[in-house]
Amino acid sequence: MYFKVSIRKNPATGEPAGYYRLIESYRNADGRVCHRTLLNVGFMDGLEAEDLNRIQKLLNHKCQSLSGEIFRMEYEKETPVIREWVDKLYARLVREKKIDVQSPPPKELLSGRDWQTIDMNSLRHKDVREIGGEWLCYQALEQLGMSNFLSSQVDWFPDDVRLAFTHIISRAVYPASELKTSRWITENSAVCELTGFPMDKITKDSLYSISKRLYSLKDSLEAHLSHRTNDLFDIQDKIIIFDLTNTFFEGEKRGSQLANFGRSKEKRSDAKLVVLALVINPYGFIKYSAILQGNVSDPSTLEAMIKNLREKTSSTAEKGLVVIDAGIATKANLAKIRENGFDYLCVSRSRLKDYKIVEGEDCLVVEDNRKRKIHLQKVVPSILSGEGVDYYLKVESLSKQKKELSMNNRFHDGYRKGLIVIQEGLSKKSGIKNEEKVHERVGRLKEKYPSIHKHYEIEYQVKEQIVGKKKKTVKRIVTAMTWKFKAEVEINAGCGIYFLQTSLDNESRILWDSYNTIRDIEQTFAILKSELDLRPIFHQKDENTMAHLHLAILAYWVVNSIRHQLKETGINHQWNEIVRIMNTQKAITTTAQNKSDEIIQIRRCSEPNDKVKEIYQALKYKSTPFKKKKFVVHKLESKKNEGSYVQTFSKQ
């Protein structure tokens, strides 16, 4: 702003005098310099040209900064006349809305504020990193008491605890190999800012090393976490679920004592396996885990579980109920469960053929999670074995019956078509007629349809044939093949019916609800395999394999602790969805240049959106990991410091 003067007649004196206007220069859209009048000031008698210069200088400072230090210093030096003109003209500019300026905030609002004048063109955002999912897992680990537990171990120093936290959080948020994890930590994540571990020390070898150290604490870690979650969430281990799964290796695993060929649940018969045995409670918390050879049989795994289970359950737990599937429920295993003071509930390995309904027990109709009706009724075998008192619950499902009928019909049709193909080959010129080969083809058909073959009787007509001119041999040829279905057997008998076997004489509904908890361990395996990178395994050394599996289990503790608390508030997201939501919260470095040619650098977290806030509030966790941290760097040092910041953040 500046003053522009023109000569006019002053009505007060009748003499020509200078008439002043306050002018502003600006550039239009075409870049041309233009001028406009802000105020018609009028005649300014008694002021010299120097006085006018000082007035316009102070006006410019006042308009640029209401509380600027430069303005206050210059203002206090001036005479009362100059200050009066500045205040009067500024008041007119504001009143007539000639300038866009805000009123100064009240003094009580200025407390804790840091007012800066910056060049908007210099504003930059950089080093944006994910922090929401990491902050969620960090608080869950603290809630589980992991920091105190690891710090109390022999030869565990603060940096070891920080690295362990870093690796567990990384596996939960970004499950990957150690090499990929190290890249993610150094390039994408702010996890090191949370744990305090130096980012420049993150390598795949350091992650391998801490995984092995964590595995060395496996038993004590499981005991600590088991008791901690029981106390934290007020859980009593009344029901315990035991099951096994396996995962396969990529690679030959030569010389491995752990990897063996076995029955793969992923249908990977070409790859060696390792078995993971888990005992969990109905809330999904692990009580016991074991890493076993890939060719181990299911029934042989129960004894070690029983021996280790009692010390890893809460001391206040009542007599526990062990829920197992039919593959593990051998007579010997059920006896061991009884001997160790537990009750059991399982699917009976043998279908009861001769039984009677318990007197006074009505049929109970319940619904499964898909609203399909299931009939429950207590029954007893007609002939008791005398090997201990067991109770049976007959479970009849109409939907299961339809499914099994459809399967039986499909198998039956496939078996008959296979027999017809073999029979037609006997009459073809180039068909297979050799008795040994015919039996081999029937054997393959039996292997494909074992549940149907046992209901058929097959008869063969064979004749001997002499072949060869010089060396004659006798060849047995099948000339005809007939079969018949065993009429006395009902192939669809028992479809949709199975029996639960238990040592408890409880109500049918209680037994059914208890058995349904076995789905929880299936969900646990699904989370471990699909969301926490349990499979496939690429490690070649057994110690690395066991450390890899154990790290996934530790990450599962974090995941299940978070999901358990969210479920209680009605939030039932899958873990992948929770991570996606939380990763909308970022850690950002913002830089700008102020009017003193200094670089202001601020590191802080973005505000959580509504979905992120909902998760934090449900868990009663803090929503912001860091308070703002500001650095002021001289302009000459900006290039040297650009792209880096000091990790000295204070947690709220």
# chains A, B, ... in the order shown; residues from 1 in each chain; ligands from 1
>>> residues_around(residues="Thr247 of chain A", least_positions_apart="6", cutoff="10 Å", atoms="only C-alpha atoms", output="NGL selection string")
:A and (259 or 264-266 or 268 or 271-276 or 294 or 529 or 534-537 or 549)
>>> closest_residue(among="A:Arg83, A:His539, A:Arg603, A:Lys378", to="Gln56 of chain A", atoms="only C-alpha atoms")
A:Arg83
>>> residues_around(residues="Glu359 of chain A", least_positions_apart="3", cutoff="12 Å", atoms="only C-alpha atoms", output="ChimeraX atom specification")
/A:356,362-363,377-380
>>> write_last_selection(atoms="all heavy atoms", output="PDB file, in the first residue's frame")
ATOM      1  N   LYS A 356     -31.117 -97.334  22.085  1.00  0.00           N
ATOM      2  CA  LYS A 356     -32.494 -97.000  22.463  1.00  0.00           C
ATOM      3  C   LYS A 356     -32.523 -95.592  23.054  1.00  0.00           C
ATOM      4  O   LYS A 356     -31.521 -95.101  23.586  1.00  0.00           O
ATOM      5  CB  LYS A 356     -33.034 -98.020  23.468  1.00  0.00           C
ATOM      6  CG  LYS A 356     -32.212 -98.151  24.735  1.00  0.00           C
ATOM      7  CD  LYS A 356     -32.768 -99.270  25.613  1.00  0.00           C
ATOM      8  CE  LYS A 356     -31.912 -99.435  26.880  1.00  0.00           C
ATOM      9  NZ  LYS A 356     -32.425-100.517  27.726  1.00  0.00           N
ATOM     10  N   ASP A 362     -37.009 -85.932  25.663  1.00  0.00           N
ATOM     11  CA  ASP A 362     -37.683 -85.529  24.425  1.00  0.00           C
ATOM     12  C   ASP A 362     -36.659 -85.086  23.391  1.00  0.00           C
ATOM     13  O   ASP A 362     -35.538 -84.687  23.715  1.00  0.00           O
ATOM     14  CB  ASP A 362     -38.661 -84.384  24.708  1.00  0.00           C
ATOM     15  CG  ASP A 362     -39.785 -84.817  25.635  1.00  0.00           C
ATOM     16  OD1 ASP A 362     -40.152 -85.999  25.583  1.00  0.00           O
ATOM     17  OD2 ASP A 362     -40.263 -83.961  26.411  1.00  0.00           O
ATOM     18  N   CYS A 363     -37.073 -85.150  22.150  1.00  0.00           N
ATOM     19  CA  CYS A 363     -36.213 -84.686  21.054  1.00  0.00           C
ATOM     20  C   CYS A 363     -36.131 -83.159  21.091  1.00  0.00           C
ATOM     21  O   CYS A 363     -37.157 -82.469  21.160  1.00  0.00           O
ATOM     22  CB  CYS A 363     -36.768 -85.172  19.723  1.00  0.00           C
ATOM     23  SG  CYS A 363     -35.763 -84.679  18.309  1.00  0.00           S
ATOM     24  N   GLN A 377     -31.112 -85.941  20.482  1.00  0.00           N
ATOM     25  CA  GLN A 377     -31.793 -86.846  21.403  1.00  0.00           C
ATOM     26  C   GLN A 377     -30.780 -87.739  22.092  1.00  0.00           C
ATOM     27  O   GLN A 377     -29.879 -88.286  21.450  1.00  0.00           O
ATOM     28  CB  GLN A 377     -32.815 -87.709  20.656  1.00  0.00           C
ATOM     29  CG  GLN A 377     -33.833 -88.352  21.574  1.00  0.00           C
ATOM     30  CD  GLN A 377     -35.088 -88.746  20.821  1.00  0.00           C
ATOM     31  OE1 GLN A 377     -35.031 -89.078  19.638  1.00  0.00           O
ATOM     32  NE2 GLN A 377     -36.231 -88.717  21.493  1.00  0.00           N
ATOM     33  N   LYS A 378     -30.922 -87.879  23.394  1.00  0.00           N
ATOM     34  CA  LYS A 378     -30.016 -88.738  24.156  1.00  0.00           C
ATOM     35  C   LYS A 378     -30.377 -90.200  23.923  1.00  0.00           C
ATOM     36  O   LYS A 378     -31.555 -90.577  23.939  1.00  0.00           O
ATOM     37  CB  LYS A 378     -30.097 -88.420  25.646  1.00  0.00           C
ATOM     38  CG  LYS A 378     -29.276 -87.222  26.067  1.00  0.00           C
ATOM     39  CD  LYS A 378     -29.196 -87.159  27.580  1.00  0.00           C
ATOM     40  CE  LYS A 378     -28.253 -86.057  28.015  1.00  0.00           C
ATOM     41  NZ  LYS A 378     -28.121 -86.021  29.487  1.00  0.00           N
ATOM     42  N   VAL A 379     -29.336 -91.008  23.710  1.00  0.00           N
ATOM     43  CA  VAL A 379     -29.539 -92.438  23.492  1.00  0.00           C
ATOM     44  C   VAL A 379     -28.506 -93.211  24.309  1.00  0.00           C
ATOM     45  O   VAL A 379     -27.494 -92.652  24.753  1.00  0.00           O
ATOM     46  CB  VAL A 379     -29.406 -92.805  21.993  1.00  0.00           C
ATOM     47  CG1 VAL A 379     -30.462 -92.084  21.168  1.00  0.00           C
ATOM     48  CG2 VAL A 379     -28.015 -92.494  21.479  1.00  0.00           C
ATOM     49  N   VAL A 380     -28.783 -94.521  24.485  1.00  0.00           N
ATOM     50  CA  VAL A 380     -27.821 -95.407  25.137  1.00  0.00           C
ATOM     51  C   VAL A 380     -27.688 -96.671  24.293  1.00  0.00           C
ATOM     52  O   VAL A 380     -28.663 -97.126  23.675  1.00  0.00           O
ATOM     53  CB  VAL A 380     -28.265 -95.787  26.571  1.00  0.00           C
ATOM     54  CG1 VAL A 380     -28.236 -94.581  27.479  1.00  0.00           C
ATOM     55  CG2 VAL A 380     -29.662 -96.404  26.551  1.00  0.00           C
TER      56      VAL A 380
END
>>> residues_around(residues="Leu528 of chain A", least_positions_apart="6", cutoff="8 Å", atoms="only C-alpha atoms", output="PyMOL selection string")
chain A and resi 534+552-553+556
>>> select_by_dssp(residues="segment 453-521 of chain A", states="alpha helix (DSSP H)", output="ChimeraX atom specification")
/A:453,508-516,518-521
>>> atom_distance(atom1="atom CA of Phe411 of chain A", atom2="atom CA of Leu352 of chain A")
23.5 Å
>>> atom_distance(atom1="atom CA of Ile571 of chain A", atom2="atom CA of Thr584 of chain A")
17.9 Å
>>> atom_distance(atom1="atom CA of Cys605 of chain A", atom2="atom CA of Arg129 of chain A")
9.4 Å
>>> closest_residue(among="A:Gly431, A:Gly251, A:Gly494, A:Gly42", to="Lys9 of chain A", atoms="only C-alpha atoms")
A:Gly42
>>> decode(residues="segment 265-293 of chain A", atoms="N, CA, C and O atoms", output="mmCIF file, in the first residue's frame")
data_model
loop_
_atom_site.group_PDB
_atom_site.id
_atom_site.type_symbol
_atom_site.label_atom_id
_atom_site.label_comp_id
_atom_site.auth_asym_id
_atom_site.auth_seq_id
_atom_site.Cartn_x
_atom_site.Cartn_y
_atom_site.Cartn_z
ATOM 1 N N LYS A 265 -3.554 -81.675 4.377
ATOM 2 C CA LYS A 265 -4.898 -81.114 4.374
ATOM 3 C C LYS A 265 -5.080 -80.099 3.254
ATOM 4 O O LYS A 265 -6.193 -79.676 2.971
ATOM 5 N N GLU A 266 -3.973 -79.696 2.634
ATOM 6 C CA GLU A 266 -4.048 -78.813 1.456
ATOM 7 C C GLU A 266 -3.897 -79.609 0.160
ATOM 8 O O GLU A 266 -3.706 -79.010 -0.903
ATOM 9 N N LYS A 267 -3.936 -80.950 0.258
ATOM 10 C CA LYS A 267 -3.806 -81.833 -0.902
ATOM 11 C C LYS A 267 -2.452 -81.672 -1.591
ATOM 12 O O LYS A 267 -2.335 -81.855 -2.798
ATOM 13 N N ARG A 268 -1.410 -81.358 -0.808
ATOM 14 C CA ARG A 268 -0.069 -81.239 -1.370
ATOM 15 C C ARG A 268 0.715 -82.504 -1.056
ATOM 16 O O ARG A 268 1.632 -82.512 -0.227
ATOM 17 N N SER A 269 0.346 -83.591 -1.700
ATOM 18 C CA SER A 269 1.023 -84.874 -1.475
ATOM 19 C C SER A 269 2.442 -84.869 -2.021
ATOM 20 O O SER A 269 3.241 -85.750 -1.695
ATOM 21 N N ASP A 270 2.764 -83.858 -2.851
ATOM 22 C CA ASP A 270 4.107 -83.782 -3.434
ATOM 23 C C ASP A 270 5.112 -83.103 -2.516
ATOM 24 O O ASP A 270 6.314 -83.101 -2.793
ATOM 25 N N ALA A 271 4.652 -82.502 -1.426
ATOM 26 C CA ALA A 271 5.530 -81.715 -0.562
ATOM 27 C C ALA A 271 5.600 -82.327 0.837
ATOM 28 O O ALA A 271 4.638 -82.935 1.319
ATOM 29 N N LYS A 272 6.735 -82.144 1.492
ATOM 30 C CA LYS A 272 6.878 -82.594 2.875
ATOM 31 C C LYS A 272 6.083 -81.677 3.803
ATOM 32 O O LYS A 272 5.844 -80.510 3.492
ATOM 33 N N LEU A 273 5.709 -82.238 4.951
ATOM 34 C CA LEU A 273 4.801 -81.540 5.858
ATOM 35 C C LEU A 273 5.418 -81.380 7.235
ATOM 36 O O LEU A 273 6.362 -82.068 7.605
ATOM 37 N N VAL A 274 4.816 -80.458 8.002
ATOM 38 C CA VAL A 274 5.060 -80.353 9.429
ATOM 39 C C VAL A 274 3.691 -80.175 10.082
ATOM 40 O O VAL A 274 2.791 -79.552 9.510
ATOM 41 N N VAL A 275 3.506 -80.762 11.260
ATOM 42 C CA VAL A 275 2.206 -80.754 11.943
ATOM 43 C C VAL A 275 2.238 -79.747 13.084
ATOM 44 O O VAL A 275 3.211 -79.675 13.845
ATOM 45 N N LEU A 276 1.169 -78.966 13.189
ATOM 46 C CA LEU A 276 0.996 -78.023 14.296
ATOM 47 C C LEU A 276 -0.195 -78.470 15.129
ATOM 48 O O LEU A 276 -1.314 -78.588 14.619
ATOM 49 N N ALA A 277 0.054 -78.770 16.397
ATOM 50 C CA ALA A 277 -1.008 -79.161 17.324
ATOM 51 C C ALA A 277 -1.331 -77.979 18.227
ATOM 52 O O ALA A 277 -0.427 -77.353 18.791
ATOM 53 N N LEU A 278 -2.614 -77.668 18.373
ATOM 54 C CA LEU A 278 -3.043 -76.536 19.190
ATOM 55 C C LEU A 278 -4.135 -76.955 20.161
ATOM 56 O O LEU A 278 -5.012 -77.752 19.821
ATOM 57 N N VAL A 279 -4.069 -76.389 21.340
ATOM 58 C CA VAL A 279 -5.155 -76.479 22.307
ATOM 59 C C VAL A 279 -5.613 -75.056 22.575
ATOM 60 O O VAL A 279 -4.811 -74.199 22.934
ATOM 61 N N ILE A 280 -6.898 -74.782 22.358
ATOM 62 C CA ILE A 280 -7.416 -73.439 22.594
ATOM 63 C C ILE A 280 -8.664 -73.527 23.458
ATOM 64 O O ILE A 280 -9.241 -74.600 23.643
ATOM 65 N N ASN A 281 -9.075 -72.382 24.002
ATOM 66 C CA ASN A 281 -10.357 -72.315 24.695
ATOM 67 C C ASN A 281 -11.406 -71.753 23.730
ATOM 68 O O ASN A 281 -11.071 -71.340 22.621
ATOM 69 N N PRO A 282 -12.682 -71.724 24.113
ATOM 70 C CA PRO A 282 -13.719 -71.264 23.176
ATOM 71 C C PRO A 282 -13.566 -69.817 22.719
ATOM 72 O O PRO A 282 -14.236 -69.405 21.766
ATOM 73 N N TYR A 283 -12.725 -69.059 23.393
ATOM 74 C CA TYR A 283 -12.522 -67.663 22.997
ATOM 75 C C TYR A 283 -11.357 -67.521 22.017
ATOM 76 O O TYR A 283 -10.998 -66.410 21.640
ATOM 77 N N GLY A 284 -10.760 -68.657 21.638
ATOM 78 C CA GLY A 284 -9.699 -68.636 20.649
ATOM 79 C C GLY A 284 -8.309 -68.435 21.202
ATOM 80 O O GLY A 284 -7.351 -68.321 20.435
ATOM 81 N N PHE A 285 -8.125 -68.396 22.529
ATOM 82 C CA PHE A 285 -6.802 -68.198 23.118
ATOM 83 C C PHE A 285 -6.092 -69.544 23.270
ATOM 84 O O PHE A 285 -6.685 -70.522 23.728
ATOM 85 N N ILE A 286 -4.829 -69.567 22.899
ATOM 86 C CA ILE A 286 -4.055 -70.803 22.866
ATOM 87 C C ILE A 286 -3.611 -71.192 24.272
ATOM 88 O O ILE A 286 -3.085 -70.375 25.021
ATOM 89 N N LYS A 287 -3.806 -72.459 24.607
ATOM 90 C CA LYS A 287 -3.360 -72.995 25.891
ATOM 91 C C LYS A 287 -2.070 -73.799 25.750
ATOM 92 O O LYS A 287 -1.284 -73.889 26.681
ATOM 93 N N TYR A 288 -1.893 -74.384 24.588
ATOM 94 C CA TYR A 288 -0.742 -75.254 24.369
ATOM 95 C C TYR A 288 -0.529 -75.400 22.872
ATOM 96 O O TYR A 288 -1.473 -75.453 22.091
ATOM 97 N N SER A 289 0.725 -75.439 22.466
ATOM 98 C CA SER A 289 1.035 -75.686 21.052
ATOM 99 C C SER A 289 2.235 -76.607 20.966
ATOM 100 O O SER A 289 3.096 -76.616 21.849
ATOM 101 N N ALA A 290 2.276 -77.369 19.899
ATOM 102 C CA ALA A 290 3.406 -78.265 19.672
ATOM 103 C C ALA A 290 3.662 -78.359 18.176
ATOM 104 O O ALA A 290 2.727 -78.370 17.370
ATOM 105 N N ILE A 291 4.937 -78.419 17.818
ATOM 106 C CA ILE A 291 5.340 -78.566 16.420
ATOM 107 C C ILE A 291 5.873 -79.982 16.256
ATOM 108 O O ILE A 291 6.849 -80.362 16.907
ATOM 109 N N LEU A 292 5.213 -80.770 15.401
ATOM 110 C CA LEU A 292 5.479 -82.206 15.317
ATOM 111 C C LEU A 292 5.908 -82.595 13.905
ATOM 112 O O LEU A 292 5.748 -81.827 12.952
ATOM 113 N N GLN A 293 6.440 -83.790 13.798
ATOM 114 C CA GLN A 293 6.857 -84.301 12.497
ATOM 115 C C GLN A 293 5.651 -84.466 11.573
ATOM 116 O O GLN A 293 4.535 -84.740 12.016
#
